[in-house]
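**Student:** Got upload-v1.csv for you, CSV, C-alpha atoms:
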chain,number,residue,atom,x,y,z
A,1,MET,CA,0.0,0.0,0.0
A,2,THR,CA,1.4,3.4,-0.9
A,3,GLN,CA,1.6,6.4,1.3
A,4,SER,CA,-1.2,8.2,-0.5
A,5,ASP,CA,-3.4,5.2,-0.3
A,6,GLU,CA,-3.0,5.1,3.4
A,7,SER,CA,-3.8,8.8,3.9
A,8,SER,CA,-6.9,8.6,1.7
A,9,LEU,CA,-8.1,5.6,3.7
A,10,ILE,CA,-7.8,7.5,6.9
A,11,SER,CA,-9.8,10.5,5.7
A,12,LEU,CA,-12.5,8.3,4.1
A,13,THR,CA,-13.0,5.9,7.0
A,14,ASP,CA,-12.3,6.4,10.6
A,15,GLU,CA,-11.0,9.9,11.1
A,16,PRO,CA,-13.2,12.3,9.1
A,17,LEU,CA,-14.1,14.2,12.3
A,18,VAL,CA,-10.5,14.9,13.1
A,19,VAL,CA,-9.8,15.9,9.5
A,20,ASP,CA,-12.8,18.1,9.6
A,21,LEU,CA,-11.7,19.7,12.8
A,22,ASN,CA,-8.4,20.6,11.4
A,23,ALA,CA,-10.0,22.1,8.4
A,24,ARG,CA,-12.2,24.2,10.6
A,25,ARG,CA,-9.4,25.3,12.7
A,26,ARG,CA,-7.5,26.4,9.6
A,27,ARG,CA,-10.5,28.3,8.4
A,28,ARG,CA,-11.0,29.9,11.7
A,29,ARG,CA,-7.4,31.1,11.8
A,30,ARG,CA,-7.9,32.7,8.4
A,31,ILE,CA,-11.0,34.4,9.7
A,32,ARG,CA,-9.2,35.7,12.8
A,33,SER,CA,-6.6,37.3,10.6
A,34,THR,CA,-9.1,38.9,8.3
A,35,THR,CA,-11.0,40.4,11.2
A,36,SER,CA,-7.9,41.9,12.7
A,37,ASN,CA,-7.0,43.3,9.3
A,38,GLY,CA,-10.4,45.0,9.1
A,39,SER,CA,-11.9,46.8,12.1
A,40,GLY,CA,-9.9,45.1,14.8
A,41,ASP,CA,-13.0,44.6,16.8
A,42,VAL,CA,-14.0,41.0,16.5
A,43,ILE,CA,-17.6,41.4,17.6
A,44,VAL,CA,-18.4,43.8,14.8
A,45,ILE,CA,-18.8,40.8,12.5
A,46,ASP,CA,-22.1,39.9,14.1
A,47,SER,CA,-23.7,43.3,13.8
A,48,PRO,CA,-25.8,44.2,10.7
A,49,ALA,CA,-23.6,47.2,10.1
A,50,GLU,CA,-20.9,44.8,8.9
A,51,VAL,CA,-22.9,44.1,5.9
A,52,SER,CA,-22.4,47.5,4.5
A,53,ASN,CA,-18.7,47.3,5.4
A,54,PRO,CA,-16.5,47.5,2.2
A,55,VAL,CA,-14.9,44.1,2.8
A,56,ALA,CA,-14.0,41.9,-0.2
A,57,PRO,CA,-17.3,40.0,-1.0
A,58,ARG,CA,-15.6,36.6,-1.0
A,59,ARG,CA,-14.2,37.1,2.4
A,60,ARG,CA,-17.4,38.4,3.8
A,61,ARG,CA,-19.2,35.3,2.5
A,62,ARG,CA,-16.7,33.1,4.2
A,63,GLN,CA,-17.0,35.0,7.5
A,64,ARG,CA,-20.8,34.8,7.5
A,65,ARG,CA,-20.8,31.1,6.9
A,66,SER,CA,-18.5,30.4,9.8
A,67,ASN,CA,-20.6,32.7,12.0
A,68,GLY,CA,-23.4,30.3,11.4
A,69,ASP,CA,-21.1,27.4,12.5
A,70,SER,CA,-20.3,28.9,15.9
A,71,VAL,CA,-20.6,32.4,17.3
A,72,VAL,CA,-18.2,31.5,20.1
A,73,ASP,CA,-15.4,31.2,17.6
A,74,LEU,CA,-15.1,34.9,17.3
A,75,THR,CA,-15.4,36.0,20.9
A,76,CYS,CA,-13.2,33.7,22.9
A,77,ASN,CA,-10.0,32.2,21.5
A,78,ASP,CA,-9.5,29.7,24.3
A,79,SER,CA,-12.8,28.0,24.1
A,80,VAL,CA,-12.8,27.7,20.4
A,81,GLU,CA,-11.3,24.2,20.2
A,82,LEU,CA,-13.5,22.9,23.0
A,83,VAL,CA,-16.7,24.0,21.4
A,84,ASP,CA,-15.8,22.3,18.1
A,85,LEU,CA,-14.6,19.2,19.7
A,86,THR,CA,-17.6,18.6,22.0
A,87,THR,CA,-20.3,18.9,19.3
A,88,PRO,CA,-19.5,16.2,16.8
A,89,ALA,CA,-16.7,14.3,18.5
A,90,SER,CA,-18.3,13.6,21.8
A,91,LEU,CA,-20.7,11.3,20.0
A,92,ILE,CA,-17.8,9.0,19.1
A,93,ARG,CA,-15.4,9.5,22.0
A,94,PRO,CA,-14.5,12.0,24.7
A,95,PRO,CA,-12.5,15.1,23.6
A,96,LEU,CA,-8.8,14.3,23.1
A,97,ASN,CA,-5.8,16.6,23.2
A,98,ARG,CA,-3.6,16.9,20.1
A,99,THR,CA,-1.0,14.4,21.0
A,100,GLN,CA,-3.6,11.7,21.8
A,101,LYS,CA,-5.2,12.4,18.5
A,102,ARG,CA,-2.1,11.7,16.6
A,103,THR,CA,-1.6,8.4,18.4
A,104,ASP,CA,-5.2,7.6,17.7
A,105,ALA,CA,-4.8,8.3,14.0
A,106,ALA,CA,-1.8,6.1,13.9
A,107,GLY,CA,-3.7,3.3,15.5
A,108,LEU,CA,-6.5,3.6,13.1
A,109,ILE,CA,-4.2,3.1,10.1
A,110,THR,CA,-3.9,-0.5,11.4
A,111,THR,CA,-7.6,-0.9,11.8
A,112,THR,CA,-8.4,0.4,8.3
A,113,SER,CA,-5.9,-1.9,6.6
A,114,ALA,CA,-7.3,-4.9,8.5
A,115,PRO,CA,-10.0,-7.1,6.8
A,116,ARG,CA,-13.5,-5.8,6.5
A,117,GLN,CA,-14.9,-8.1,9.2
A,118,ASP,CA,-12.5,-6.6,11.7
A,119,LEU,CA,-13.4,-3.2,10.6
A,120,LEU,CA,-17.1,-3.8,11.2
A,121,SER,CA,-16.6,-5.4,14.6
A,122,HIS,CA,-14.5,-2.4,15.5
A,123,GLU,CA,-17.3,-0.2,14.4
A,124,ASP,CA,-19.8,-2.2,16.5
A,125,THR,CA,-18.4,-0.3,19.5
A,126,SER,CA,-19.5,3.0,18.0
A,127,PRO,CA,-22.6,4.3,19.9
A,128,ILE,CA,-24.2,5.5,16.7
A,129,LEU,CA,-24.2,2.1,15.1
A,130,LYS,CA,-25.6,0.5,18.2
A,131,LEU,CA,-28.8,2.5,17.7
A,132,ASN,CA,-31.7,0.6,16.3
A,133,CYS,CA,-34.0,1.4,13.4
A,134,PRO,CA,-37.1,2.5,15.3
A,135,VAL,CA,-39.3,0.4,13.0
A,136,CYS,CA,-37.6,-3.0,12.6
A,137,LEU,CA,-35.6,-2.5,15.8
A,138,GLU,CA,-32.5,-3.9,14.1
A,139,PRO,CA,-29.2,-2.2,15.2
A,140,LEU,CA,-27.8,0.0,12.4
A,141,HIS,CA,-24.6,-2.0,12.2
A,142,SER,CA,-26.4,-5.2,11.3
A,143,VAL,CA,-28.4,-3.2,8.7
A,144,ILE,CA,-25.2,-2.1,7.1
A,145,ARG,CA,-23.6,-5.5,7.4
A,146,ALA,CA,-26.6,-7.0,5.6
A,147,GLY,CA,-25.8,-4.6,2.7
A,148,ARG,CA,-28.9,-2.4,3.3
A,149,LYS,CA,-29.0,1.3,3.3
A,150,ILE,CA,-29.7,3.8,6.1
A,151,CYS,CA,-31.8,6.8,5.5
A,152,SER,CA,-32.5,10.1,7.1
A,153,THR,CA,-35.8,11.9,6.7
A,154,VAL,CA,-35.9,15.6,6.0
A,155,CYS,CA,-36.9,16.0,9.6
A,156,GLY,CA,-33.6,14.3,10.6
A,157,HIS,CA,-34.8,10.9,11.8
A,158,ILE,CA,-32.9,7.8,11.0
A,159,PHE,CA,-34.3,4.5,9.7
A,160,CYS,CA,-33.3,1.7,7.4
A,161,ARG,CA,-34.4,2.3,3.9
A,162,SER,CA,-36.9,-0.5,3.6
A,163,CYS,CA,-38.6,0.6,6.8
A,164,ILE,CA,-38.9,4.3,6.1
A,165,LYS,CA,-40.0,3.6,2.5
A,166,GLN,CA,-42.8,1.3,3.7
A,167,ALA,CA,-43.8,3.7,6.6
A,168,VAL,CA,-44.0,6.7,4.2
A,169,ARG,CA,-46.1,4.7,1.8
A,170,THR,CA,-48.6,3.5,4.4
A,171,CYS,CA,-48.7,6.4,6.9
A,172,LYS,CA,-47.3,9.3,4.9
A,173,LYS,CA,-45.7,10.6,8.1
A,174,CYS,CA,-42.4,10.3,9.8
A,175,PRO,CA,-42.7,7.5,12.3
A,176,THR,CA,-40.7,9.4,14.9
A,177,CYS,CA,-42.2,12.9,14.8
A,178,ARG,CA,-45.3,12.5,12.6
A,179,LYS,CA,-44.2,15.2,10.2
A,180,LYS,CA,-45.9,14.7,6.8
A,181,LEU,CA,-43.6,13.1,4.4
A,182,THR,CA,-43.7,12.0,0.7
A,183,GLU,CA,-41.4,9.6,-1.1
A,184,LYS,CA,-39.0,12.5,-1.5
A,185,GLY,CA,-38.9,13.2,2.2
A,186,PHE,CA,-36.0,10.9,2.9
A,187,HIS,CA,-32.6,10.1,1.5
A,188,ASP,CA,-29.7,7.7,1.9
A,189,ILE,CA,-27.0,8.7,4.4
A,190,PHE,CA,-23.4,7.5,4.1
A,191,LEU,CA,-21.8,6.9,7.5
A,192,PRO,CA,-18.0,7.2,7.3
A,193,ILE,CA,-17.3,3.5,8.0
A,194,SER,CA,-16.7,1.6,4.8
B,1,MET,CA,-49.3,-18.0,8.5
B,2,ALA,CA,-46.0,-16.6,7.4
B,3,GLY,CA,-43.1,-16.7,9.9
B,4,LEU,CA,-43.2,-14.3,12.8
B,5,PRO,CA,-41.4,-11.0,11.9
B,6,ARG,CA,-38.2,-10.5,13.8
B,7,ARG,CA,-39.5,-7.3,15.3
B,8,ILE,CA,-42.3,-9.1,17.0
B,9,THR,CA,-39.9,-11.7,18.4
B,10,LYS,CA,-37.6,-8.9,19.6
B,11,GLU,CA,-40.5,-7.1,21.3
B,12,THR,CA,-41.7,-10.2,22.9
B,13,GLN,CA,-38.3,-11.1,24.3
B,14,ARG,CA,-37.9,-7.7,25.7
B,15,LEU,CA,-41.4,-7.6,27.2
B,16,LEU,CA,-40.5,-10.8,29.0
B,17,SER,CA,-37.0,-10.0,30.0
B,18,GLU,CA,-37.5,-6.4,31.0
B,19,PRO,CA,-41.2,-6.1,31.9
B,20,VAL,CA,-42.8,-2.7,32.4
B,21,GLN,CA,-43.7,-2.0,36.1
B,22,GLY,CA,-47.3,-2.9,36.7
B,23,ILE,CA,-47.8,-4.5,33.3
B,24,SER,CA,-47.4,-8.1,32.1
B,25,ALA,CA,-47.8,-9.3,28.5
B,26,THR,CA,-47.4,-12.9,27.6
B,27,PRO,CA,-47.8,-14.3,24.1
B,28,ASP,CA,-50.4,-17.0,23.6
B,29,GLU,CA,-48.7,-20.3,23.0
B,30,ASN,CA,-50.8,-21.1,20.0
B,31,ASN,CA,-50.6,-17.6,18.4
B,32,LEU,CA,-47.5,-15.5,19.0
B,33,ARG,CA,-49.4,-12.4,17.7
B,34,TYR,CA,-51.9,-12.7,20.5
B,35,PHE,CA,-50.9,-11.5,23.9
B,36,HIS,CA,-52.5,-12.0,27.3
B,37,VAL,CA,-52.0,-8.7,29.2
B,38,THR,CA,-52.6,-7.5,32.7
B,39,ILE,CA,-52.3,-3.9,33.8
B,40,ASN,CA,-52.3,-3.0,37.5
B,41,GLY,CA,-54.6,0.0,38.4
B,42,PRO,CA,-52.3,3.0,38.9
B,43,LYS,CA,-51.7,4.4,42.3
B,44,ASP,CA,-53.9,7.3,43.3
B,45,SER,CA,-56.5,6.4,40.7
B,46,PRO,CA,-59.9,4.8,41.3
B,47,PHE,CA,-58.5,1.7,39.7
B,48,GLU,CA,-55.7,1.3,42.3
B,49,GLY,CA,-55.5,-2.3,43.6
B,50,GLY,CA,-57.2,-3.7,40.6
B,51,VAL,CA,-55.6,-6.1,38.1
B,52,PHE,CA,-57.2,-5.5,34.7
B,53,LYS,CA,-57.0,-8.2,32.0
B,54,LEU,CA,-56.7,-7.2,28.4
B,55,GLU,CA,-56.1,-8.9,25.1
B,56,LEU,CA,-53.8,-7.5,22.5
B,57,PHE,CA,-53.5,-8.7,18.9
B,58,LEU,CA,-50.8,-7.7,16.3
B,59,PRO,CA,-52.4,-7.7,12.9
B,60,GLU,CA,-50.6,-8.9,9.8
B,61,GLU,CA,-49.7,-5.3,8.8
B,62,TYR,CA,-48.1,-4.6,12.2
B,63,PRO,CA,-46.1,-2.4,12.7
B,64,MET,CA,-47.5,-0.4,9.8
B,65,ALA,CA,-50.9,-0.9,11.5
B,66,ALA,CA,-51.7,-0.5,15.2
B,67,PRO,CA,-52.2,-3.4,17.6
B,68,LYS,CA,-55.8,-4.2,18.5
B,69,VAL,CA,-56.3,-4.0,22.2
B,70,ARG,CA,-59.4,-4.6,24.3
B,71,PHE,CA,-60.2,-4.8,28.0
B,72,ASN,CA,-61.5,-8.1,29.2
B,73,THR,CA,-62.1,-6.9,32.7
B,74,LYS,CA,-65.1,-4.6,33.2
B,75,ILE,CA,-64.0,-1.1,34.0
B,76,TYR,CA,-65.8,2.1,34.7
B,77,HIS,CA,-63.9,4.6,32.6
B,78,PRO,CA,-65.1,7.3,30.2
B,79,ASN,CA,-62.8,6.2,27.5
B,80,ILE,CA,-63.5,2.5,27.7
B,81,ASP,CA,-66.8,1.1,26.6
B,82,LYS,CA,-69.0,-1.8,27.9
B,83,ILE,CA,-67.3,-4.3,25.7
B,84,GLY,CA,-63.8,-3.1,26.6
B,85,ARG,CA,-63.0,-1.1,23.5
B,86,ILE,CA,-60.5,1.7,24.2
B,87,CYS,CA,-60.7,5.3,22.9
B,88,LEU,CA,-57.0,6.2,22.5
B,89,ASP,CA,-55.6,8.2,19.6
B,90,ILE,CA,-52.4,6.1,19.2
B,91,LEU,CA,-54.6,3.1,18.5
B,92,LYS,CA,-56.3,4.9,15.7
B,93,ASP,CA,-55.1,7.8,13.6
B,94,LYS,CA,-52.1,8.7,15.8
B,95,TRP,CA,-50.5,5.2,15.4
B,96,SER,CA,-46.9,5.2,14.3
B,97,PRO,CA,-44.7,2.2,13.4
B,98,ALA,CA,-42.2,3.6,15.8
B,99,LEU,CA,-44.5,2.8,18.7
B,100,GLN,CA,-44.4,-0.7,20.2
B,101,VAL,CA,-46.5,-3.0,22.3
B,102,ARG,CA,-44.7,-1.7,25.3
B,103,THR,CA,-45.5,2.0,24.6
B,104,VAL,CA,-49.1,1.2,23.8
B,105,LEU,CA,-49.6,-0.6,27.2
B,106,LEU,CA,-47.9,2.3,28.9
B,107,SER,CA,-50.3,4.7,27.3
B,108,ILE,CA,-53.3,2.6,28.4
B,109,GLN,CA,-51.9,2.6,31.9
B,110,ALA,CA,-51.6,6.4,31.7
B,111,LEU,CA,-55.2,6.6,30.4
B,112,LEU,CA,-56.3,4.9,33.6
B,113,SER,CA,-54.5,7.6,35.6
B,114,ALA,CA,-56.0,10.4,33.6
B,115,PRO,CA,-59.5,9.7,32.3
B,116,ASN,CA,-60.5,12.1,29.6
B,117,PRO,CA,-64.3,12.6,29.7
B,118,ASP,CA,-64.1,15.3,26.9
B,119,ASP,CA,-63.3,12.6,24.4
B,120,PRO,CA,-65.7,9.9,25.5
B,121,LEU,CA,-66.3,6.4,24.2
B,122,ALA,CA,-68.8,5.4,27.0
B,123,ASN,CA,-71.1,8.4,26.9
B,124,ASP,CA,-73.0,7.7,30.0
B,125,VAL,CA,-69.8,7.3,32.0
B,126,ALA,CA,-68.4,10.4,30.6
B,127,ASP,CA,-71.5,12.4,31.4
B,128,ASN,CA,-71.4,11.2,34.9
B,129,TRP,CA,-67.7,12.0,35.1
B,130,LYS,CA,-68.4,15.6,34.1
B,131,ARG,CA,-71.5,16.1,36.1
B,132,ASN,CA,-70.4,14.6,39.4
B,133,GLU,CA,-66.8,13.5,39.4
B,134,ALA,CA,-66.8,12.4,43.0
B,135,ALA,CA,-69.7,10.0,42.4
B,136,ALA,CA,-68.1,8.7,39.2
B,137,ILE,CA,-64.8,8.0,40.9
B,138,LYS,CA,-66.7,6.2,43.7
B,139,THR,CA,-68.5,4.0,41.1
B,140,ALA,CA,-65.1,3.4,39.4
B,141,ARG,CA,-63.7,2.3,42.7
B,142,GLU,CA,-66.6,-0.1,43.3
B,143,TRP,CA,-66.3,-1.6,39.9
B,144,THR,CA,-62.6,-2.1,40.4
B,145,GLN,CA,-63.3,-3.9,43.7
B,146,LYS,CA,-66.1,-6.0,42.1
B,147,TYR,CA,-64.4,-7.0,38.8
B,148,ALA,CA,-60.7,-6.4,39.1
B,149,MET,CA,-59.8,-7.8,42.5
B,150,SER,CA,-59.1,-11.3,43.7
B,151,GLY,CA,-60.0,-13.1,40.5
B,152,GLY,CA,-63.2,-11.1,39.7
B,153,GLN,CA,-64.6,-11.4,36.2
For the structure just supplied, provide its representation as structure tokens.
**Tutor:**
Amino acid sequence: MTQSDESSLISLTDEPLVVDLNARRRRRRRIRSTTSNGSGDVIVIDSPAEVSNPVAPRRRRRQRRSNGDSVVDLTCNDSVELVDLTTPASLIRPPLNRTQKRTDAAGLITTTSAPRQDLLSHEDTSPILKLNCPVCLEPLHSVIRAGRKICSTVCGHIFCRSCIKQAVRTCKKCPTCRKKLTEKGFHDIFLPIS
Amino acid sequence: MAGLPRRITKETQRLLSEPVQGISATPDENNLRYFHVTINGPKDSPFEGGVFKLELFLPEEYPMAAPKVRFNTKIYHPNIDKIGRICLDILKDKWSPALQVRTVLLSIQALLSAPNPDDPLANDVADNWKRNEAAAIKTAREWTQKYAMSGGQ
């Protein structure tokens, strides 16, 4: 296996969260520098007055997008990393410091290059995959293992595809929240595991 | 009949291994879609101390269709009629395939705690309940004693 193969495996399989975090952190650093180049006052970005500020349009767009991600980013430098880590990553594992993360990533190279069966049994420990489809009550990892697809509704509720398809056909509602749904009201989701 | 869906097997296993407090549900040995159910009258309700027998049937379309549930023990309740039919939204239009036997029985237990005379099934009982609640509760308690205690019918 080549070096590039390995790195693409990491990003596609087990470590997308970490990769994503790094990307975010980089973006954030860029934002911080643009704001200090501009007014110098970080909070100004949130105010409507900023819209009329003669900042380069591309930059402004980027700033606004990341404002939507997290407002805390711009006000407190120290908490920035904590905020990002707790939202997505706490679902998988407790927040790690940077050194631990690197060890982890190294460890995962071994897991990803292992046979598929091992990969799945490793994934069995992930809390997300231990959840059941609310309709057939099968754990999501066995749904995936059986080669079936997992879907999310537009209201954000997760089912296996055959169940949500049948439920929408018969009840025309989301089984979890009863929101009215049509056949277009759900779509496949692709969990970063295989 | 086709084989029993895995979901029903799973639900049955869990009902037996982790029963809900005050509720028992046992599948019939000849028909695993048919359950013998008992619900204990909730504390601080006129049904307290009573053990109410119900029957529950999972139709072929389950879980896309609601279970059919009926009281076999007579009960004086504005939302349960003479022949034991239950007026409960989740058994009708509010059914969802994400609900289970367990959640249905919990809802029925809650209905015993909170009778709703404004959405009646047994009109005479509901009228009584609204006109003279104290008397209605007294009757409910008497019926509980008569029909739901120590092997009553």
**Student:** Only residues of chain A matter here; which ones have an atom within 10 Å of chain B, counting only C-alpha atoms? Give them as number ranges by chain.
**Tutor:** A: 133-138, 163-164, 166-171, 173-178
**Student:** Of the candidates B:Asn79, B:Ser107, B:Asn123, B:Ser45, which shows the shortest atom-to-atom distance to Ile137 (chain B), using all atoms listed in the file?
**Tutor:**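 Of B:Asn79, B:Ser107, B:Asn123, B:Ser45, the one nearest Ile137 (chain B) is B:Ser45, counting all atoms listed in the file.
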**Student:** Do you have the CA of Ala135 (chain B)-CA of Phe47 (chain B) distance handy?
**Tutor:**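 CA of Phe47 (chain B) lies at a distance of 14.2 Å from CA of Ala135 (chain B).
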**Student:** May I have the residues within 8 Å of Gly84 (chain B) as a ChimeraX atom specification, using all atoms listed in the file and disregarding those fewer than 3 positions away in the same chain?
**Tutor:** /B:70-75,80-81
**Student:** Just want the 12 Å neighbourhood of Leu54 (chain B), counted on all atoms listed in the file, with same-chain residues fewer than 5 positions away dropped. Output as a ChimeraX atom specification.
**Tutor:** /B:23-26,34-40,68-75,80,83-86,105,108-109,148,153
**Student:** Using only C-alpha atoms, please write the residues we just selected to a file, as a tab-separated table (two decimals), keeping the file's coordinate frame.
**Tutor:**
chain	number	residue	atom	x	y	z
B	23	ILE	CA	-47.80	-4.50	33.30
B	24	SER	CA	-47.40	-8.10	32.10
B	25	ALA	CA	-47.80	-9.30	28.50
B	26	THR	CA	-47.40	-12.90	27.60
B	34	TYR	CA	-51.90	-12.70	20.50
B	35	PHE	CA	-50.90	-11.50	23.90
B	36	HIS	CA	-52.50	-12.00	27.30
B	37	VAL	CA	-52.00	-8.70	29.20
B	38	THR	CA	-52.60	-7.50	32.70
B	39	ILE	CA	-52.30	-3.90	33.80
B	40	ASN	CA	-52.30	-3.00	37.50
B	68	LYS	CA	-55.80	-4.20	18.50
B	69	VAL	CA	-56.30	-4.00	22.20
B	70	ARG	CA	-59.40	-4.60	24.30
B	71	PHE	CA	-60.20	-4.80	28.00
B	72	ASN	CA	-61.50	-8.10	29.20
B	73	THR	CA	-62.10	-6.90	32.70
B	74	LYS	CA	-65.10	-4.60	33.20
B	75	ILE	CA	-64.00	-1.10	34.00
B	80	ILE	CA	-63.50	2.50	27.70
B	83	ILE	CA	-67.30	-4.30	25.70
B	84	GLY	CA	-63.80	-3.10	26.60
B	85	ARG	CA	-63.00	-1.10	23.50
B	86	ILE	CA	-60.50	1.70	24.20
B	105	LEU	CA	-49.60	-0.60	27.20
B	108	ILE	CA	-53.30	2.60	28.40
B	109	GLN	CA	-51.90	2.60	31.90
B	148	ALA	CA	-60.70	-6.40	39.10
B	153	GLN	CA	-64.60	-11.40	36.20
**Student:** Could you tell me how far CA of Arg161 (chain A) sits from CA of Leu58 (chain B), in Å to one decimal place?
**Tutor:**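 Computed distance, CA of Leu58 (chain B) to CA of Arg161 (chain A), equals 22.9 Å.
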**Student:** Can you work out which one of B:Asp28, B:Glu142, B:Asp124, B:Asp118 has the shortest atom-to-atom distance to Gly49 (chain B), counting all atoms listed in the file?
**Tutor:**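 So, comparing all the options, the nearest one is B:Glu142.
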**Student:** Pick the closest to Thr9 (chain B) from B:Val101, B:Pro67, B:Lys53, B:Val125: which is it, counting only C-alpha atoms?
**Tutor:**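 Comparing B:Val101, B:Pro67, B:Lys53, B:Val125 against Thr9 (chain B), the winner is B:Val101.
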**Student:** My list of candidates is B:Ile90, B:Leu121, B:Met149, B:Leu32. Which is closest to Phe57 (chain B) when distances are computed with only C-alpha atoms?
**Tutor:** B:Leu32
